file coords_24.cif (mmCIF, C-alpha atoms)
data_upload
#
loop_
_atom_site.label_atom_id
_atom_site.label_comp_id
_atom_site.auth_asym_id
_atom_site.auth_seq_id
_atom_site.Cartn_x
_atom_site.Cartn_y
_atom_site.Cartn_z
CA MET A 1 -36.02 46.69 -84.34
CA SER A 2 -39.56 45.39 -84.33
CA LEU A 3 -41.72 42.57 -83.11
CA ALA A 4 -40.47 39.24 -84.48
CA HIS A 5 -42.74 36.88 -86.40
CA ARG A 6 -43.31 33.81 -84.29
CA ILE A 7 -42.94 30.12 -85.16
CA ILE A 8 -45.16 27.95 -82.98
CA PRO A 9 -45.08 24.15 -82.95
CA CYS A 10 -48.36 22.56 -81.92
CA LEU A 11 -48.72 19.35 -79.96
CA ASP A 12 -52.13 17.77 -80.62
CA THR A 13 -52.56 15.17 -77.91
CA ASP A 14 -55.09 12.60 -76.81
CA GLY A 15 -54.41 13.99 -73.35
CA GLU A 16 -51.21 12.06 -72.92
CA ARG A 17 -49.53 11.25 -76.27
CA VAL A 18 -49.03 13.43 -79.33
CA VAL A 19 -51.30 12.30 -82.18
CA LYS A 20 -51.73 13.45 -85.75
CA GLY A 21 -54.24 13.12 -88.56
CA VAL A 22 -55.38 14.70 -91.81
CA ASN A 23 -58.37 17.06 -91.81
CA PHE A 24 -58.93 16.25 -88.14
CA VAL A 25 -59.47 12.49 -88.78
CA GLY A 26 -57.40 9.27 -88.94
CA LEU A 27 -55.26 9.86 -85.85
CA ARG A 28 -51.97 8.11 -85.17
CA ASP A 29 -49.29 8.32 -82.49
CA ALA A 30 -46.54 10.91 -83.06
CA GLY A 31 -44.57 10.86 -79.85
CA ASP A 32 -44.06 12.01 -76.28
CA PRO A 33 -45.18 15.63 -75.66
CA VAL A 34 -42.52 16.25 -73.00
CA ALA A 35 -39.65 15.13 -75.24
CA LEU A 36 -40.99 17.14 -78.19
CA ALA A 37 -41.48 20.23 -76.00
CA ALA A 38 -37.89 20.04 -74.77
CA ARG A 39 -36.64 19.71 -78.35
CA TYR A 40 -38.65 22.69 -79.63
CA ASN A 41 -37.63 24.83 -76.66
CA ALA A 42 -33.98 24.14 -77.51
CA GLU A 43 -34.43 24.59 -81.29
CA GLY A 44 -35.73 28.15 -80.98
CA ALA A 45 -39.53 27.80 -81.01
CA ASP A 46 -41.13 31.09 -79.95
CA GLU A 47 -44.05 29.50 -78.13
CA LEU A 48 -45.70 26.11 -77.83
CA VAL A 49 -49.35 25.14 -78.19
CA LEU A 50 -50.59 22.01 -76.41
CA LEU A 51 -54.05 20.75 -77.30
CA ASP A 52 -56.21 17.96 -75.94
CA ILE A 53 -58.09 17.03 -79.09
CA ALA A 54 -59.96 14.17 -77.40
CA ALA A 55 -61.09 16.56 -74.65
CA SER A 56 -62.98 13.93 -72.73
CA ARG A 57 -63.96 14.74 -69.16
CA ASP A 58 -62.50 11.53 -67.67
CA ARG A 59 -59.11 12.15 -69.24
CA ARG A 60 -58.87 15.78 -68.06
CA PRO A 61 -56.59 15.03 -65.06
CA THR A 62 -54.20 13.25 -67.44
CA PHE A 63 -54.09 16.30 -69.72
CA LEU A 64 -53.47 18.64 -66.77
CA GLU A 65 -50.57 16.41 -65.73
CA THR A 66 -49.25 16.61 -69.33
CA ILE A 67 -49.43 20.44 -69.14
CA ARG A 68 -47.43 20.37 -65.89
CA ARG A 69 -44.76 18.11 -67.36
CA VAL A 70 -44.52 20.11 -70.60
CA ALA A 71 -44.43 23.48 -68.80
CA ALA A 72 -41.52 22.25 -66.68
CA GLU A 73 -39.44 21.88 -69.87
CA LEU A 74 -40.12 25.35 -71.26
CA ALA A 75 -38.48 28.75 -71.02
CA ILE A 76 -40.98 30.07 -73.61
CA PRO A 77 -44.75 30.69 -73.38
CA LEU A 78 -47.22 27.80 -73.38
CA THR A 79 -50.79 27.91 -74.67
CA ALA A 80 -53.09 25.03 -73.73
CA GLY A 81 -56.65 24.08 -74.51
CA GLY A 82 -59.07 21.67 -76.01
CA GLY A 83 -62.41 21.14 -74.32
CA ILE A 84 -62.29 24.35 -72.24
CA ARG A 85 -65.98 24.93 -71.45
CA THR A 86 -65.97 26.93 -68.21
CA LEU A 87 -63.92 29.49 -66.30
CA GLU A 88 -63.03 26.66 -63.92
CA ASP A 89 -61.60 24.60 -66.83
CA GLY A 90 -59.49 27.63 -67.79
CA ARG A 91 -58.27 28.09 -64.23
CA ALA A 92 -57.17 24.46 -64.05
CA VAL A 93 -55.13 24.84 -67.25
CA VAL A 94 -53.46 28.07 -66.04
CA ARG A 95 -52.76 26.56 -62.62
CA ALA A 96 -51.14 23.59 -64.32
CA GLY A 97 -48.67 25.99 -65.95
CA ALA A 98 -50.19 27.37 -69.18
CA ASP A 99 -49.65 31.08 -69.91
CA LYS A 100 -52.60 31.28 -72.28
CA VAL A 101 -55.83 29.37 -72.66
CA THR A 102 -57.33 28.59 -76.04
CA VAL A 103 -61.08 28.24 -76.54
CA ASN A 104 -63.03 27.10 -79.58
CA THR A 105 -66.41 25.30 -79.73
CA ALA A 106 -67.57 26.29 -76.24
CA ALA A 107 -66.90 29.97 -77.02
CA VAL A 108 -69.01 29.75 -80.19
CA GLU A 109 -71.84 28.30 -78.13
CA ARG A 110 -71.37 30.75 -75.25
CA PRO A 111 -69.25 33.83 -76.10
CA ALA A 112 -69.42 34.97 -72.43
CA LEU A 113 -66.79 32.30 -71.76
CA ILE A 114 -64.27 34.57 -73.52
CA SER A 115 -65.18 37.53 -71.29
CA GLU A 116 -65.01 35.44 -68.14
CA LEU A 117 -61.52 34.18 -68.95
CA SER A 118 -60.37 37.62 -70.12
CA ARG A 119 -61.53 39.33 -66.94
CA GLU A 120 -59.69 36.81 -64.80
CA PHE A 121 -56.44 36.36 -66.75
CA GLY A 122 -56.30 39.38 -69.08
CA ALA A 123 -56.87 39.51 -72.86
CA GLN A 124 -53.23 38.48 -73.51
CA ALA A 125 -54.03 35.07 -71.97
CA VAL A 126 -57.13 34.30 -74.06
CA VAL A 127 -56.60 32.80 -77.51
CA LEU A 128 -59.70 32.36 -79.63
CA ALA A 129 -59.20 29.36 -81.92
CA ILE A 130 -61.25 29.61 -85.10
CA ASP A 131 -61.50 26.68 -87.54
CA ALA A 132 -62.60 28.22 -90.84
CA LYS A 133 -63.77 26.52 -94.03
CA ARG A 134 -64.45 28.17 -97.38
CA ALA A 135 -68.19 28.39 -98.16
CA GLY A 136 -68.78 30.30 -101.41
CA ASP A 137 -67.67 33.90 -100.99
CA HIS A 138 -66.94 33.68 -97.27
CA TRP A 139 -65.56 31.34 -94.59
CA ASP A 140 -67.74 29.36 -92.23
CA VAL A 141 -66.79 28.77 -88.59
CA MET A 142 -66.48 25.03 -87.96
CA VAL A 143 -66.86 23.45 -84.51
CA ARG A 144 -66.39 20.05 -82.85
CA GLY A 145 -62.93 19.48 -84.26
CA GLY A 146 -63.76 20.99 -87.64
CA ARG A 147 -66.60 18.56 -88.33
CA GLU A 148 -69.71 20.74 -87.99
CA SER A 149 -70.56 24.15 -89.38
CA ALA A 150 -71.62 26.74 -86.81
CA SER A 151 -73.31 28.71 -89.62
CA ARG A 152 -71.34 31.78 -88.69
CA ASP A 153 -69.05 34.01 -90.75
CA ALA A 154 -65.43 33.61 -89.62
CA VAL A 155 -64.50 37.30 -90.05
CA GLU A 156 -67.55 38.39 -88.06
CA TRP A 157 -66.84 35.84 -85.35
CA ALA A 158 -63.22 36.99 -85.05
CA ARG A 159 -64.41 40.57 -84.52
CA MET A 160 -67.01 39.46 -81.95
CA GLY A 161 -64.51 37.33 -80.09
CA ILE A 162 -62.10 40.24 -79.75
CA ALA A 163 -64.88 42.52 -78.57
CA ALA A 164 -65.63 39.87 -75.92
CA GLY A 165 -62.01 39.95 -74.71
CA ALA A 166 -59.85 37.60 -76.78
CA GLY A 167 -56.28 38.88 -77.18
CA GLU A 168 -55.18 36.66 -80.05
CA ILE A 169 -56.71 34.57 -82.85
CA LEU A 170 -55.48 31.08 -83.71
CA LEU A 171 -56.84 30.65 -87.21
CA THR A 172 -56.90 27.18 -88.75
CA SER A 173 -57.89 26.60 -92.34
CA VAL A 174 -59.92 23.38 -92.30
CA ASP A 175 -59.50 23.20 -96.10
CA ARG A 176 -55.69 23.22 -95.83
CA ASP A 177 -55.16 21.39 -92.54
CA GLY A 178 -53.03 18.28 -93.05
CA THR A 179 -52.69 18.82 -96.81
CA GLN A 180 -49.17 20.33 -96.68
CA SER A 181 -50.17 22.48 -99.68
CA GLY A 182 -49.42 25.79 -97.94
CA PHE A 183 -51.23 28.12 -95.54
CA ASP A 184 -54.47 29.76 -96.66
CA VAL A 185 -53.08 33.21 -97.45
CA THR A 186 -56.41 34.74 -98.54
CA LEU A 187 -58.24 33.62 -95.39
CA THR A 188 -55.44 34.74 -93.07
CA ALA A 189 -55.07 38.15 -94.70
CA ALA A 190 -58.85 38.69 -94.53
CA ILE A 191 -58.95 37.96 -90.80
CA SER A 192 -55.69 39.75 -90.01
CA ARG A 193 -56.92 42.96 -91.71
CA ALA A 194 -60.27 42.74 -89.94
CA VAL A 195 -58.92 42.52 -86.40
CA THR A 196 -56.71 44.53 -84.04
CA VAL A 197 -55.06 41.58 -82.27
CA PRO A 198 -52.26 39.23 -83.40
CA VAL A 199 -53.25 36.35 -85.68
CA ILE A 200 -51.60 32.91 -85.66
CA ALA A 201 -52.01 31.12 -89.00
CA SER A 202 -52.40 27.35 -88.99
CA GLY A 203 -53.10 24.52 -91.41
CA GLY A 204 -51.26 23.39 -94.54
CA ALA A 205 -47.60 24.25 -93.85
CA LYS A 206 -44.80 22.22 -95.34
CA LEU A 207 -42.18 24.26 -97.23
CA PRO A 208 -40.16 27.21 -95.89
CA GLY A 209 -41.72 29.27 -98.71
CA HIS A 210 -45.16 28.67 -97.20
CA PHE A 211 -44.01 30.49 -94.06
CA VAL A 212 -42.53 33.42 -96.00
CA GLU A 213 -45.83 33.71 -97.90
CA ILE A 214 -48.03 33.66 -94.80
CA PHE A 215 -45.99 36.38 -93.09
CA LEU A 216 -45.46 38.68 -96.06
CA ASP A 217 -48.76 38.18 -97.97
CA GLY A 218 -51.04 36.63 -95.35
CA GLU A 219 -50.12 39.29 -92.77
CA ALA A 220 -49.87 36.65 -90.05
CA ASP A 221 -48.12 37.58 -86.80
CA ALA A 222 -47.26 33.97 -86.05
CA ALA A 223 -47.41 30.64 -87.86
CA LEU A 224 -48.24 27.29 -86.33
CA ALA A 225 -47.47 23.80 -87.57
CA ALA A 226 -47.40 20.31 -86.12
CA SER A 227 -46.38 17.26 -88.10
CA ILE A 228 -43.68 18.90 -90.24
CA PHE A 229 -41.84 19.71 -87.02
CA HIS A 230 -42.58 16.37 -85.30
CA ASP A 231 -41.37 14.43 -88.36
CA GLU A 232 -38.38 16.71 -88.81
CA VAL A 233 -39.48 17.66 -92.35
CA GLN A 234 -38.59 21.17 -91.12
CA SER A 235 -36.20 22.10 -88.34
CA ILE A 236 -37.23 25.29 -86.60
CA ARG A 237 -33.66 26.56 -86.67
CA THR A 238 -33.24 26.10 -90.46
CA LEU A 239 -36.70 27.50 -91.09
CA LYS A 240 -35.90 30.65 -89.11
CA GLU A 241 -32.58 31.10 -90.91
CA PHE A 242 -34.47 30.85 -94.23
CA LEU A 243 -37.06 33.39 -93.06
CA ALA A 244 -34.36 35.83 -91.95
CA SER A 245 -32.64 35.55 -95.34
CA SER A 246 -36.03 36.19 -97.01
CA GLY A 247 -36.49 39.46 -95.15
CA VAL A 248 -38.86 38.22 -92.45
CA GLU A 249 -37.96 39.44 -88.96
CA VAL A 250 -37.51 36.43 -86.65
CA ARG A 251 -35.77 35.68 -83.39
CA LEU A 252 -32.82 33.51 -84.35
CA PRO A 253 -31.85 30.93 -81.76
CA CYS A 254 -28.35 31.22 -80.31
CA MET B 255 -30.64 34.23 -49.81
CA LYS B 256 -34.27 33.48 -50.49
CA ILE B 257 -36.52 35.31 -52.95
CA THR B 258 -39.96 36.15 -51.62
CA ILE B 259 -42.57 36.08 -54.40
CA LEU B 260 -45.73 38.09 -53.82
CA ASP B 261 -48.43 35.66 -54.86
CA TYR B 262 -51.51 37.80 -55.31
CA GLY B 263 -53.18 35.24 -57.59
CA ALA B 264 -51.53 35.90 -60.94
CA GLY B 265 -51.22 32.94 -63.26
CA ASN B 266 -47.49 33.08 -63.91
CA VAL B 267 -46.09 32.38 -60.45
CA PRO B 268 -45.21 28.72 -61.24
CA SER B 269 -43.21 29.78 -64.31
CA VAL B 270 -41.31 32.35 -62.26
CA GLU B 271 -40.62 29.73 -59.58
CA ARG B 272 -39.39 27.24 -62.16
CA ALA B 273 -37.13 29.84 -63.77
CA LEU B 274 -35.57 30.64 -60.36
CA GLN B 275 -35.22 26.92 -59.56
CA ARG B 276 -33.27 26.37 -62.79
CA LEU B 277 -30.83 29.01 -61.55
CA GLY B 278 -30.52 27.21 -58.23
CA ALA B 279 -32.26 30.00 -56.30
CA GLU B 280 -34.54 29.38 -53.38
CA SER B 281 -37.93 31.08 -53.43
CA HIS B 282 -41.18 30.99 -51.58
CA ARG B 283 -44.59 32.47 -52.30
CA THR B 284 -46.41 34.61 -49.84
CA THR B 285 -49.54 36.65 -49.32
CA SER B 286 -48.62 37.49 -45.75
CA PRO B 287 -47.66 41.04 -44.67
CA GLU B 288 -45.27 39.56 -42.03
CA CYS B 289 -43.34 37.56 -44.63
CA ILE B 290 -42.96 40.64 -46.81
CA SER B 291 -41.60 42.60 -43.85
CA LYS B 292 -38.97 39.91 -43.25
CA ALA B 293 -38.06 39.36 -46.92
CA GLU B 294 -34.42 39.54 -48.06
CA ALA B 295 -35.43 40.12 -51.69
CA LEU B 296 -38.86 40.63 -53.23
CA LEU B 297 -40.27 39.64 -56.60
CA LEU B 298 -43.65 40.88 -57.85
CA PRO B 299 -44.75 38.98 -60.97
CA GLY B 300 -47.88 39.92 -62.81
CA VAL B 301 -50.14 39.14 -65.68
CA GLY B 302 -53.71 40.17 -66.26
CA HIS B 303 -55.52 43.33 -65.22
CA TYR B 304 -53.87 46.22 -63.35
CA ALA B 305 -56.95 46.50 -61.12
CA ALA B 306 -56.63 42.87 -59.98
CA LEU B 307 -53.07 43.49 -58.77
CA VAL B 308 -53.78 46.80 -57.01
CA ARG B 309 -56.95 45.47 -55.35
CA ALA B 310 -55.11 42.36 -54.17
CA LEU B 311 -52.31 44.47 -52.66
CA ASP B 312 -54.88 46.45 -50.69
CA GLU B 313 -57.27 43.64 -49.76
CA LYS B 314 -54.42 41.46 -48.51
CA HIS B 315 -52.81 44.46 -46.70
CA LEU B 316 -49.59 44.08 -48.65
CA ARG B 317 -49.16 47.68 -49.79
CA ALA B 318 -47.69 49.10 -46.57
CA PRO B 319 -45.19 46.28 -45.86
CA LEU B 320 -44.14 46.31 -49.52
CA MET B 321 -43.53 50.08 -49.49
CA ASP B 322 -41.63 49.81 -46.18
CA ALA B 323 -39.43 47.04 -47.52
CA ILE B 324 -38.61 48.95 -50.70
CA HIS B 325 -37.87 52.13 -48.71
CA ARG B 326 -35.56 50.09 -46.43
CA GLY B 327 -33.56 49.08 -49.51
CA VAL B 328 -34.70 45.48 -49.91
CA PRO B 329 -33.95 44.48 -53.53
CA PHE B 330 -37.17 44.41 -55.56
CA LEU B 331 -37.85 42.95 -59.00
CA GLY B 332 -41.14 43.73 -60.75
CA ILE B 333 -42.25 41.82 -63.84
CA CYS B 334 -44.81 43.17 -66.36
CA LEU B 335 -47.66 44.44 -64.13
CA GLY B 336 -45.07 44.40 -61.36
CA LEU B 337 -43.32 47.20 -63.28
CA GLN B 338 -46.52 49.09 -64.08
CA VAL B 339 -47.66 49.21 -60.44
CA LEU B 340 -44.51 51.17 -59.50
CA PHE B 341 -45.90 54.27 -61.23
CA LYS B 342 -48.53 56.65 -59.92
CA SER B 343 -51.47 55.11 -61.77
CA SER B 344 -52.53 53.35 -64.96
CA GLU B 345 -55.05 54.22 -67.67
CA GLU B 346 -56.18 50.60 -67.40
CA ALA B 347 -57.87 51.48 -64.08
CA SER B 348 -57.38 55.20 -63.55
CA GLU B 349 -59.47 55.28 -60.35
CA LEU B 350 -56.88 53.15 -58.52
CA ARG B 351 -53.53 54.31 -57.16
CA GLY B 352 -50.27 52.58 -57.88
CA LEU B 353 -47.27 52.56 -55.57
CA ASN B 354 -46.06 55.95 -56.84
CA LEU B 355 -42.39 55.00 -56.43
CA LEU B 356 -41.58 56.17 -59.96
CA PRO B 357 -42.77 59.40 -61.61
CA GLY B 358 -45.41 59.29 -64.33
CA ILE B 359 -48.32 57.07 -65.24
CA VAL B 360 -48.91 53.95 -67.29
CA SER B 361 -50.77 54.53 -70.58
CA ALA B 362 -52.38 52.46 -73.31
CA LEU B 363 -50.10 51.68 -76.26
CA PRO B 364 -51.36 53.53 -79.37
CA PRO B 365 -54.03 51.73 -81.44
CA ASN B 366 -52.12 52.02 -84.75
CA VAL B 367 -50.45 48.65 -84.03
CA LYS B 368 -51.81 45.23 -83.11
CA LEU B 369 -52.52 44.91 -79.42
CA PRO B 370 -51.68 43.26 -77.10
CA HIS B 371 -47.99 43.77 -77.93
CA MET B 372 -47.41 40.03 -77.89
CA GLY B 373 -44.25 38.20 -78.82
CA TRP B 374 -40.50 38.65 -78.98
CA ASN B 375 -38.97 42.09 -79.31
CA GLN B 376 -35.60 43.78 -78.85
CA LEU B 377 -34.46 46.50 -76.45
CA GLU B 378 -32.72 49.80 -76.87
CA LYS B 379 -30.29 50.38 -74.04
CA LYS B 380 -30.37 53.94 -72.72
CA ARG B 381 -27.84 53.75 -69.91
CA GLU B 382 -25.67 51.37 -67.93
CA SER B 383 -27.84 48.59 -66.65
CA SER B 384 -27.04 45.95 -64.04
CA LEU B 385 -29.95 43.75 -65.13
CA LEU B 386 -28.72 43.74 -68.73
CA ALA B 387 -25.10 42.91 -67.84
CA GLY B 388 -23.67 40.30 -70.20
CA ILE B 389 -26.71 40.30 -72.50
CA ASP B 390 -26.21 40.81 -76.26
CA ALA B 391 -27.59 44.05 -77.70
CA GLY B 392 -29.74 42.12 -80.20
CA ALA B 393 -31.34 39.76 -77.66
CA TYR B 394 -35.09 39.20 -77.86
CA PHE B 395 -37.46 39.17 -74.89
CA TYR B 396 -41.06 37.99 -74.64
CA PHE B 397 -43.68 40.72 -74.14
CA ALA B 398 -47.45 40.37 -73.55
CA HIS B 399 -49.12 43.68 -72.62
CA SER B 400 -51.28 46.54 -73.91
CA TYR B 401 -50.23 49.24 -71.42
CA ALA B 402 -46.80 50.70 -70.71
CA SER B 403 -44.89 53.67 -69.32
CA LEU B 404 -44.54 55.88 -72.40
CA ASP B 405 -42.62 58.55 -70.52
CA SER B 406 -39.44 56.54 -70.79
CA ASN B 407 -36.82 59.16 -69.91
CA ASP B 408 -35.74 57.36 -66.76
CA ALA B 409 -35.68 53.88 -68.29
CA ALA B 410 -32.46 51.87 -68.47
CA ALA B 411 -33.76 50.36 -71.72
CA THR B 412 -36.78 50.90 -73.90
CA CYS B 413 -38.70 48.92 -76.50
CA SER B 414 -40.99 50.16 -79.27
CA HIS B 415 -44.40 48.98 -80.43
CA GLY B 416 -46.43 51.85 -81.79
CA ALA B 417 -44.57 54.03 -79.29
CA GLU B 418 -41.36 53.87 -77.29
CA PHE B 419 -41.90 52.63 -73.75
CA ALA B 420 -39.91 51.70 -70.64
CA ALA B 421 -38.77 48.08 -70.87
CA VAL B 422 -36.16 48.03 -68.08
CA VAL B 423 -36.23 50.28 -65.03
CA GLU B 424 -33.50 50.47 -62.41
CA GLN B 425 -33.50 52.90 -59.54
CA ARG B 426 -31.52 52.19 -56.38
CA ASN B 427 -32.91 48.86 -55.12
CA ILE B 428 -35.87 48.94 -57.53
CA PHE B 429 -35.56 46.78 -60.65
CA ALA B 430 -38.38 46.14 -63.08
CA VAL B 431 -38.96 44.77 -66.58
CA GLN B 432 -42.01 45.07 -68.85
CA PHE B 433 -41.26 41.75 -70.55
CA HIS B 434 -41.36 38.26 -69.03
CA PRO B 435 -37.82 37.08 -68.21
CA GLU B 436 -39.28 33.76 -67.02
CA LYS B 437 -40.51 33.15 -70.59
CA SER B 438 -37.61 34.68 -72.50
CA GLY B 439 -35.22 31.75 -72.90
CA GLU B 440 -31.51 32.27 -72.18
CA PRO B 441 -31.45 36.09 -72.08
CA GLY B 442 -34.42 36.01 -69.70
CA ALA B 443 -32.62 33.61 -67.39
CA ARG B 444 -29.63 35.96 -67.45
CA ILE B 445 -31.83 38.87 -66.28
CA LEU B 446 -33.02 36.80 -63.31
CA GLN B 447 -29.45 35.67 -62.61
CA ASN B 448 -28.31 39.30 -62.62
CA PHE B 449 -31.05 40.22 -60.16
CA LEU B 450 -30.06 37.32 -57.88
CA ARG B 451 -26.48 38.56 -57.91
CA LEU B 452 -27.55 42.15 -57.17
CA ALA B 453 -29.75 40.97 -54.34
CA ALA B 454 -27.13 38.70 -52.74
#

call {"tool": "encode", "arguments": {"input": "coords_24.cif", "output": "structure tokens"}}
result
Amino acid sequence: MSLAHRIIPCLDTDGERVVKGVNFVGLRDAGDPVALAARYNAEGADELVLLDIAASRDRRPTFLETIRRVAAELAIPLTAGGGIRTLEDGRAVVRAGADKVTVNTAAVERPALISELSREFGAQAVVLAIDAKRAGDHWDVMVRGGRESASRDAVEWARMGIAAGAGEILLTSVDRDGTQSGFDVTLTAAISRAVTVPVIASGGAKLPGHFVEIFLDGEADAALAASIFHDEVQSIRTLKEFLASSGVEVRLPC
Amino acid sequence: MKITILDYGAGNVPSVERALQRLGAESHRTTSPECISKAEALLLPGVGHYAALVRALDEKHLRAPLMDAIHRGVPFLGICLGLQVLFKSSEEASELRGLNLLPGIVSALPPNVKLPHMGWNQLEKKRESSLLAGIDAGAYFYFAHSYASLDSNDAAATCSHGAEFAAVVEQRNIFAVQFHPEKSGEPGARILQNFLRLAA
């Protein structure tokens, strides 16, 4: 009896529709977030992440409406974010029905944002998203959708973010994202060993073996993927059965 | 019967409402002492900081009517912080007093494991439990917390993460769970259904 490893589908949206792309560019439509959320909830997803990757101010009400509609379908936790810059932005997302708020670029620019959200909603509701890219012997934090370097060491930033009040790290490998060549095990293990909070690994998943690897060698507490679930390359149910047979503790759907 | 939800400003009230709606139960939120006094069944949800909940109970003058209602035998369900506040106090804010309806205090989970304890975990049943009626022994529930009642002798069921802690508490009309039934899929819905039946 112990904490199960989590499988988390991610819905990247333009506020309203699910979109997908490789290495954060070349986006195309991948479906209706409400229908996908209902499917994942039924298939045994452990949580759902809903992101507004356009994060434009004018479209914010549309995204909040999407959160409300998605949350109505779920009997599992929902994390939402994308463009969260202020405590007020975070409040709006929580009020719309999210259990956790994820922050990224704005937190790099102003780490106090993490503390503000953590004080109001608790550390368990603040997910620090870190987009990391290999730079020589370390990993650089990337911002603005993975396009710009923040000239900051990812391991250091993870530690700082937790000290500021983040209760979980959503770690995306910019090098692996969209490549379907497997999670970045080295990066994930480095961050997971450096921090005291759960780490969600993201970027590069395709095969069931990639998930086994990231849990057993990458020391991830949860693994996130998007297009392989949307396109039904992987069903969550079959993936979890494979993980269980490989000795990874998971919550098997009924 | 209508469930009265104490809405002290926690983020998860809509998810609790939706979960009750799915079961066909009527609920309404309140921050009014009068509504608590008239309640047929009470639900105290909670996420966030212990201090925020205790301060809200005092600032909104909800402590006395809540205690009266529980003493009168009104069925009560506490979720997460709503369980923790039943004890005398919590290490998360040791200067504040809890409701002191259950013996012992709430402590930090040990730092030899990743915290918060976040995700799906299983229970160990310690005695007959009305809340757990009809639920498989291996069922998983969603937890998200860093503090817990480690003195779990009176618990109906426990869970372990670094240490064993109270996961389900049942005492007369007081029911409480450390996990989030409103986020725990089918078994979570069954917990809420069982409470509705007990309260009816």

call {"tool": "residues_around", "arguments": {"input": "coords_24.cif", "residues": "Pro364 (chain B)", "least_positions_apart": "3", "cutoff": "7 Å", "atoms": "only C-alpha atoms", "output": "list in words"}}
result
Val367, Gly416 and Ala417 of chain B

call {"tool": "residues_around", "arguments": {"input": "coords_24.cif", "residues": "region 10-12 of chain A", "least_positions_apart": "5", "cutoff": "6 Å", "atoms": "all atoms listed in the file", "output": "short mmCIF file (atom, residue, chain, number, x, y, z; two decimals) with C-alpha atoms, in the coordinates of the input"}}
result
data_model
loop_
_atom_site.label_atom_id
_atom_site.label_comp_id
_atom_site.auth_asym_id
_atom_site.auth_seq_id
_atom_site.Cartn_x
_atom_site.Cartn_y
_atom_site.Cartn_z
CA VAL A 18 -49.03 13.43 -79.33
CA VAL A 19 -51.30 12.30 -82.18
CA VAL A 49 -49.35 25.14 -78.19
CA LEU A 50 -50.59 22.01 -76.41
CA LEU A 51 -54.05 20.75 -77.30
CA ALA A 225 -47.47 23.80 -87.57
CA ALA A 226 -47.40 20.31 -86.12
#

call {"tool": "interface_residues", "arguments": {"input": "coords_24.cif", "of": "chain A", "to": "chain B", "cutoff": "8 Å", "atoms": "all atoms listed in the file", "output": "ChimeraX atom specification"}}
result
/A:1-6,46,71-72,74-77,94-95,97,99,119-125,167,196-198,251

call {"tool": "atom_distance", "arguments": {"input": "coords_24.cif", "atom1": "CA of Pro357 (chain B)", "atom2": "CA of Leu297 (chain B)"}}
result
20.5 Å

call {"tool": "closest_residue", "arguments": {"input": "coords_24.cif", "among": "A:Ile7, A:Ala129, A:Gly218, A:Ala135", "to": "Arg152 (chain A)", "atoms": "all atoms listed in the file"}}
result
A:Ala135
